[in-house]
Structure formats: C-alpha cells, structure tokens
Amino acid sequence: MELTTSRIGPWKVLTPKVERLDASVAEDFKAMLLSALADGTRNLVVHLGNVRFMDSSGLGSLVYVRQRMEAGGRLCLAEPQLEVATILRLTHLDKVFLVCEKVSSLREAEDAHGVPSTSNAAEVRA
Amino acid sequence: MSWQATIVMEPSLLEVRRTTQALMGAIEDIGTETSRCELELAFVEACTNSAKHGSKGGGRRDIRVTLQIEDAFVEIAIEDGGEEFDPFEEERKIDLEDLASLPCGGYGLGLIRKICDSVDYTHNAFGNKLILRKRLTPASTERMAVRSA
C-alpha cells in the first residue's frame, strides 16, 4: 500500500493511496500508521479522500493506532467518503475520532483558534 | 426484477473483493447509495469472517454465496465449512469515553445485525449458513428527503 505524507501546521497528514481499507490490507495500514508515529508525532491526520470502502478491519487499525498515541495526541480522519462515514456512524466511533470533512478546514481551524483537543467531531466540522 | 446467482469462492480475502464486486454490480441500479453502501459493508463483514474462519470446521472447504434479488429486496446466503458460532451473541457494551477499553475488532456481526432487516443462521454437518436480508431503500425516498431538507 502506498501512503503519502504532508504537513498542515502541527498536523502530519497521511494519505493512503488505496480505494479499499479492508482485511487484506489492514495489517499493512496499521504498521504504516504506527511507523508514522515513531518520530513522536502527536497530531496525525489520516486523509481518507481516496478510500471508497472501509470495513471493521480497517476501522480496527485506526482504533489500535489511536490507543497507542501518546496522551494528549490527536488523530483526525479527514474527508471520509460515504462508506467510511457509514461504518463510523454505525459503530458510534465517529464520537471517538476527530472527523473533518475537508483537509483544508484543518488549516482554517488552526488559523482561527486551533483544533480542539477533545474528540468531538462536530467541533471540527464547525 | 428478479435475479439469482451463485458464486463459489475460495476462502481468501482477495476472493472476498471479487465476490463483492459481483454483488455491487448486481445492485448498482437498485435503492439509494446509502443502502447499497450498508449492504456492501454487511456482505464484506460476513464473507471476511467466512474467509478467515470458514474452513476450520471440517465441513466444505470453499464458500458458497447465493444472491437473490427481487425488486429492491436482496437476500444473500453465505455457506462455509466453519465451526458453529452465534451470530446473535449480545454485543459487548463499549464505553466511548474510555479509549483504552475500545475493542480493535469484533465489530463485524454487530454491523451485520444493524444493517440487515433480518439475519438467519443454521449449522449442520456441512458447516454454517448465514442468510442476510435487506430491502434497499428506494431512490425516490432519498430524493424526497433531499427536497424536504
């Protein structure tokens, strides 16, 4: 799986170049995310704009990585497509992750008042 | 519209993808995008379980998927040779405020039950048979919802 890395302010942005985050790639995906945290990154964005489908294995990778981030760390899921939003909604894990509809809104939020450190998605969407 | 097909697949995750493509192709003009997305998720969860565990029970070695579509009503039977399990097992209560306690797996059966209108399960000497049923939401309903919003 290919993953590109960029930065927006304090956020490291990882963009998986894959359409499906399912059980066949979930372990690779998890390993790549953990590797991205190895430099002490505390603010991580997973940009899901390319991901058309995610199952519970992909979701489990995100939960695992979020649990292993340092206290005070933030994991934001950016641009979840319909299918990704569906699994987040059905499992209620949209209340656990920060979720933002556009990566660009992260920059705007940072410029305005900083993205809240709570895991309340609605605050970021606003 | 009435349509039926049977696909026999090897218990592999790549085969799950291939079979999912067949399902999504069959329902691409039925229901709303949201209801199709939900059904895709339920189907992948069920097939992934079969691919991972379905050849451990001494029954059939392959996975047999039967799709039946009657207008907007979809029934999917998934048969594998796995050991008996309880698809209706009560979900563990999770505390969304307690990050460390969140499970990293085990969401699949709960998702299937939430998405499907009904789920049936039988187990016999040949293995498991899980039947998922869902009526896809008519597209006209989604258009009306958008208009009224």
# chains A, B, ... in the order shown; residues from 1 in each chain; ligands from 1
call {"tool": "residues_around", "arguments": {"residues": "Leu41 in chain B", "least_positions_apart": "3", "cutoff": "8 Å", "atoms": "only C-alpha atoms", "output": "list in words"}}
result
Met54, Asp55, Glu83 and Ile87 of chain A; Cys37, Glu38, Val44, Glu45, Leu111 and Ile112 of chain B
call {"tool": "interface_residues", "arguments": {"of": "chain B", "to": "chain A", "cutoff": "12 Å", "atoms": "only C-alpha atoms", "output": "ChimeraX atom specification"}}
result
/B:12-17,20-21,32-49,51-52,91-115
call {"tool": "residues_around", "arguments": {"residues": "range 57-59 of chain B", "least_positions_apart": "3", "cutoff": "10 Å", "atoms": "only C-alpha atoms", "output": "list in words"}}
result
His53, Gly54, Asp62, Asp80, Gly81, Gly82, Glu83, Glu84, Asn124, Ala125, Phe126, Gly127 and Asn128 of chain B
call {"tool": "write_last_selection", "arguments": {"atoms": "N, CA and C atoms", "output": "short mmCIF file (atom, residue, chain, number, x, y, z; two decimals), in the first residue's frame"}}
result
data_model
loop_
_atom_site.label_atom_id
_atom_site.label_comp_id
_atom_site.auth_asym_id
_atom_site.auth_seq_id
_atom_site.Cartn_x
_atom_site.Cartn_y
_atom_site.Cartn_z
N HIS B 53 -12.43 -17.90 8.89
CA HIS B 53 -12.76 -18.99 9.82
C HIS B 53 -13.53 -20.14 9.18
N GLY B 54 -13.95 -19.97 7.94
CA GLY B 54 -14.92 -20.89 7.37
C GLY B 54 -14.40 -22.23 6.93
N ASP B 62 -14.78 -24.64 0.50
CA ASP B 62 -14.99 -23.39 -0.23
C ASP B 62 -16.12 -22.60 0.42
N ASP B 80 -20.34 -21.80 4.56
CA ASP B 80 -18.93 -22.18 4.69
C ASP B 80 -18.83 -23.41 5.57
N GLY B 81 -17.63 -23.94 5.69
CA GLY B 81 -17.42 -25.17 6.45
C GLY B 81 -16.89 -24.93 7.85
N GLY B 82 -17.13 -23.74 8.37
CA GLY B 82 -16.57 -23.38 9.66
C GLY B 82 -17.29 -23.99 10.84
N GLU B 83 -16.69 -23.79 12.01
CA GLU B 83 -17.29 -24.26 13.26
C GLU B 83 -18.51 -23.42 13.59
N GLU B 84 -19.40 -23.99 14.40
CA GLU B 84 -20.61 -23.29 14.79
C GLU B 84 -20.27 -22.01 15.55
N ASN B 124 -25.00 -27.18 10.29
CA ASN B 124 -25.20 -28.62 10.19
C ASN B 124 -23.84 -29.28 9.89
N ALA B 125 -23.86 -30.53 9.51
CA ALA B 125 -22.61 -31.28 9.32
C ALA B 125 -21.73 -30.68 8.22
N PHE B 126 -22.34 -29.94 7.30
CA PHE B 126 -21.57 -29.35 6.20
C PHE B 126 -20.96 -27.99 6.60
N GLY B 127 -21.48 -27.42 7.66
CA GLY B 127 -20.95 -26.12 8.10
C GLY B 127 -22.03 -25.12 8.42
N ASN B 128 -21.72 -23.86 8.16
CA ASN B 128 -22.60 -22.74 8.51
C ASN B 128 -23.34 -22.20 7.29
#
call {"tool": "select_by_dssp", "arguments": {"residues": "chain B", "states": "helix (DSSP H, G or I)", "output": "ChimeraX atom specification"}}
result
/B:13-26,33-53,99-101,108-115,139-148
call {"tool": "write_last_selection", "arguments": {"atoms": "C-alpha atoms", "output": "PDB file, in the first residue's frame"}}
result
ATOM      1  CA  LEU B  13      -9.588 -12.118   1.169  1.00  0.00           C
ATOM      2  CA  LEU B  14      -8.931 -11.359  -2.493  1.00  0.00           C
ATOM      3  CA  GLU B  15     -11.852 -13.599  -3.403  1.00  0.00           C
ATOM      4  CA  VAL B  16     -13.992 -11.583  -0.991  1.00  0.00           C
ATOM      5  CA  ARG B  17     -13.170  -8.492  -3.061  1.00  0.00           C
ATOM      6  CA  ARG B  18     -14.034 -10.243  -6.312  1.00  0.00           C
ATOM      7  CA  THR B  19     -17.346 -11.524  -4.991  1.00  0.00           C
ATOM      8  CA  THR B  20     -18.190  -8.120  -3.533  1.00  0.00           C
ATOM      9  CA  GLN B  21     -17.694  -6.597  -6.986  1.00  0.00           C
ATOM     10  CA  ALA B  22     -20.214  -9.076  -8.353  1.00  0.00           C
ATOM     11  CA  LEU B  23     -22.754  -8.146  -5.682  1.00  0.00           C
ATOM     12  CA  MET B  24     -22.287  -4.413  -6.198  1.00  0.00           C
ATOM     13  CA  GLY B  25     -22.621  -4.836  -9.942  1.00  0.00           C
ATOM     14  CA  ALA B  26     -25.896  -6.668  -9.449  1.00  0.00           C
ATOM     15  CA  GLU B  33     -26.343   4.823  -2.499  1.00  0.00           C
ATOM     16  CA  THR B  34     -26.504   4.758   1.304  1.00  0.00           C
ATOM     17  CA  SER B  35     -28.454   1.499   1.420  1.00  0.00           C
ATOM     18  CA  ARG B  36     -26.116  -0.090  -1.142  1.00  0.00           C
ATOM     19  CA  CYS B  37     -23.093   1.030   0.927  1.00  0.00           C
ATOM     20  CA  GLU B  38     -24.593  -0.533   4.029  1.00  0.00           C
ATOM     21  CA  LEU B  39     -25.285  -3.806   2.258  1.00  0.00           C
ATOM     22  CA  GLU B  40     -21.744  -3.879   0.860  1.00  0.00           C
ATOM     23  CA  LEU B  41     -20.384  -3.455   4.377  1.00  0.00           C
ATOM     24  CA  ALA B  42     -22.573  -6.242   5.812  1.00  0.00           C
ATOM     25  CA  PHE B  43     -21.631  -8.541   2.939  1.00  0.00           C
ATOM     26  CA  VAL B  44     -17.894  -7.912   3.279  1.00  0.00           C
ATOM     27  CA  GLU B  45     -18.044  -8.493   7.038  1.00  0.00           C
ATOM     28  CA  ALA B  46     -19.859 -11.806   6.582  1.00  0.00           C
ATOM     29  CA  CYS B  47     -17.620 -13.009   3.744  1.00  0.00           C
ATOM     30  CA  THR B  48     -14.439 -11.947   5.532  1.00  0.00           C
ATOM     31  CA  ASN B  49     -15.497 -13.994   8.560  1.00  0.00           C
ATOM     32  CA  SER B  50     -16.085 -16.965   6.268  1.00  0.00           C
ATOM     33  CA  ALA B  51     -12.735 -16.483   4.530  1.00  0.00           C
ATOM     34  CA  LYS B  52     -10.907 -16.320   7.851  1.00  0.00           C
ATOM     35  CA  HIS B  53     -12.755 -18.987   9.822  1.00  0.00           C
ATOM     36  CA  LEU B  99     -10.306   4.905  24.765  1.00  0.00           C
ATOM     37  CA  ALA B 100      -8.153   2.109  26.166  1.00  0.00           C
ATOM     38  CA  SER B 101     -11.153  -0.199  26.508  1.00  0.00           C
ATOM     39  CA  GLY B 108     -18.490  -7.375  12.179  1.00  0.00           C
ATOM     40  CA  LEU B 109     -21.504  -9.327  13.453  1.00  0.00           C
ATOM     41  CA  GLY B 110     -22.922  -6.269  15.190  1.00  0.00           C
ATOM     42  CA  LEU B 111     -22.673  -4.313  11.940  1.00  0.00           C
ATOM     43  CA  ILE B 112     -24.404  -7.105  10.034  1.00  0.00           C
ATOM     44  CA  ARG B 113     -27.299  -7.141  12.501  1.00  0.00           C
ATOM     45  CA  LYS B 114     -27.636  -3.356  12.456  1.00  0.00           C
ATOM     46  CA  ILE B 115     -27.649  -3.146   8.675  1.00  0.00           C
ATOM     47  CA  ALA B 139     -34.027   6.032  -4.517  1.00  0.00           C
ATOM     48  CA  SER B 140     -37.184   8.127  -4.653  1.00  0.00           C
ATOM     49  CA  THR B 141     -37.176   8.248  -0.832  1.00  0.00           C
ATOM     50  CA  GLU B 142     -33.701   9.783  -0.807  1.00  0.00           C
ATOM     51  CA  ARG B 143     -34.709  12.359  -3.416  1.00  0.00           C
ATOM     52  CA  MET B 144     -37.745  13.307  -1.340  1.00  0.00           C
ATOM     53  CA  ALA B 145     -35.592  13.639   1.764  1.00  0.00           C
ATOM     54  CA  VAL B 146     -33.218  15.966  -0.065  1.00  0.00           C
ATOM     55  CA  ARG B 147     -36.105  18.079  -1.350  1.00  0.00           C
ATOM     56  CA  SER B 148     -37.645  18.442   2.090  1.00  0.00           C
TER      57      SER B 148
END
call {"tool": "select_by_dssp", "arguments": {"residues": "chain A", "states": "strand (DSSP E or B)", "output": "NGL selection string"}}
result
:A and (3-8 or 11-16 or 20-21 or 43-47 or 53-54 or 74-78 or 98-100)
call {"tool": "atom_distance", "arguments": {"atom1": "CA of Gly40 in chain A", "atom2": "CA of Gln81 in chain A"}}
result
28.6 Å
call {"tool": "residues_around", "arguments": {"residues": "Pro138 in chain B", "least_positions_apart": "5", "cutoff": "8 Å", "atoms": "only C-alpha atoms", "output": "list in words"}}
result
Ile30, Gly31, Thr32 and Ala72 of chain B
call {"tool": "residues_around", "arguments": {"residues": "Met69 in chain A", "least_positions_apart": "4", "cutoff": "8 Å", "atoms": "only C-alpha atoms", "output": "number ranges by chain"}}
result
A: 37, 42, 65, 73-74
call {"tool": "closest_residue", "arguments": {"among": "A:Leu88, A:Val45, A:Cys100, A:Val51", "to": "Ser6 in chain A", "atoms": "only C-alpha atoms"}}
result
A:Val45
call {"tool": "residues_around", "arguments": {"residues": "Arg64 in chain B", "least_positions_apart": "6", "cutoff": "10 Å", "atoms": "only C-alpha atoms", "output": "PyMOL selection string"}}
result
chain B and resi 6-11+47+50+77-81+129
call {"tool": "atom_distance", "arguments": {"atom1": "CA of Lys17 in chain A", "atom2": "CA of Leu48 in chain A"}}
result
8.8 Å
call {"tool": "atom_distance", "arguments": {"atom1": "CA of Val99 in chain A", "atom2": "CA of Gly49 in chain A"}}
result
12.2 Å
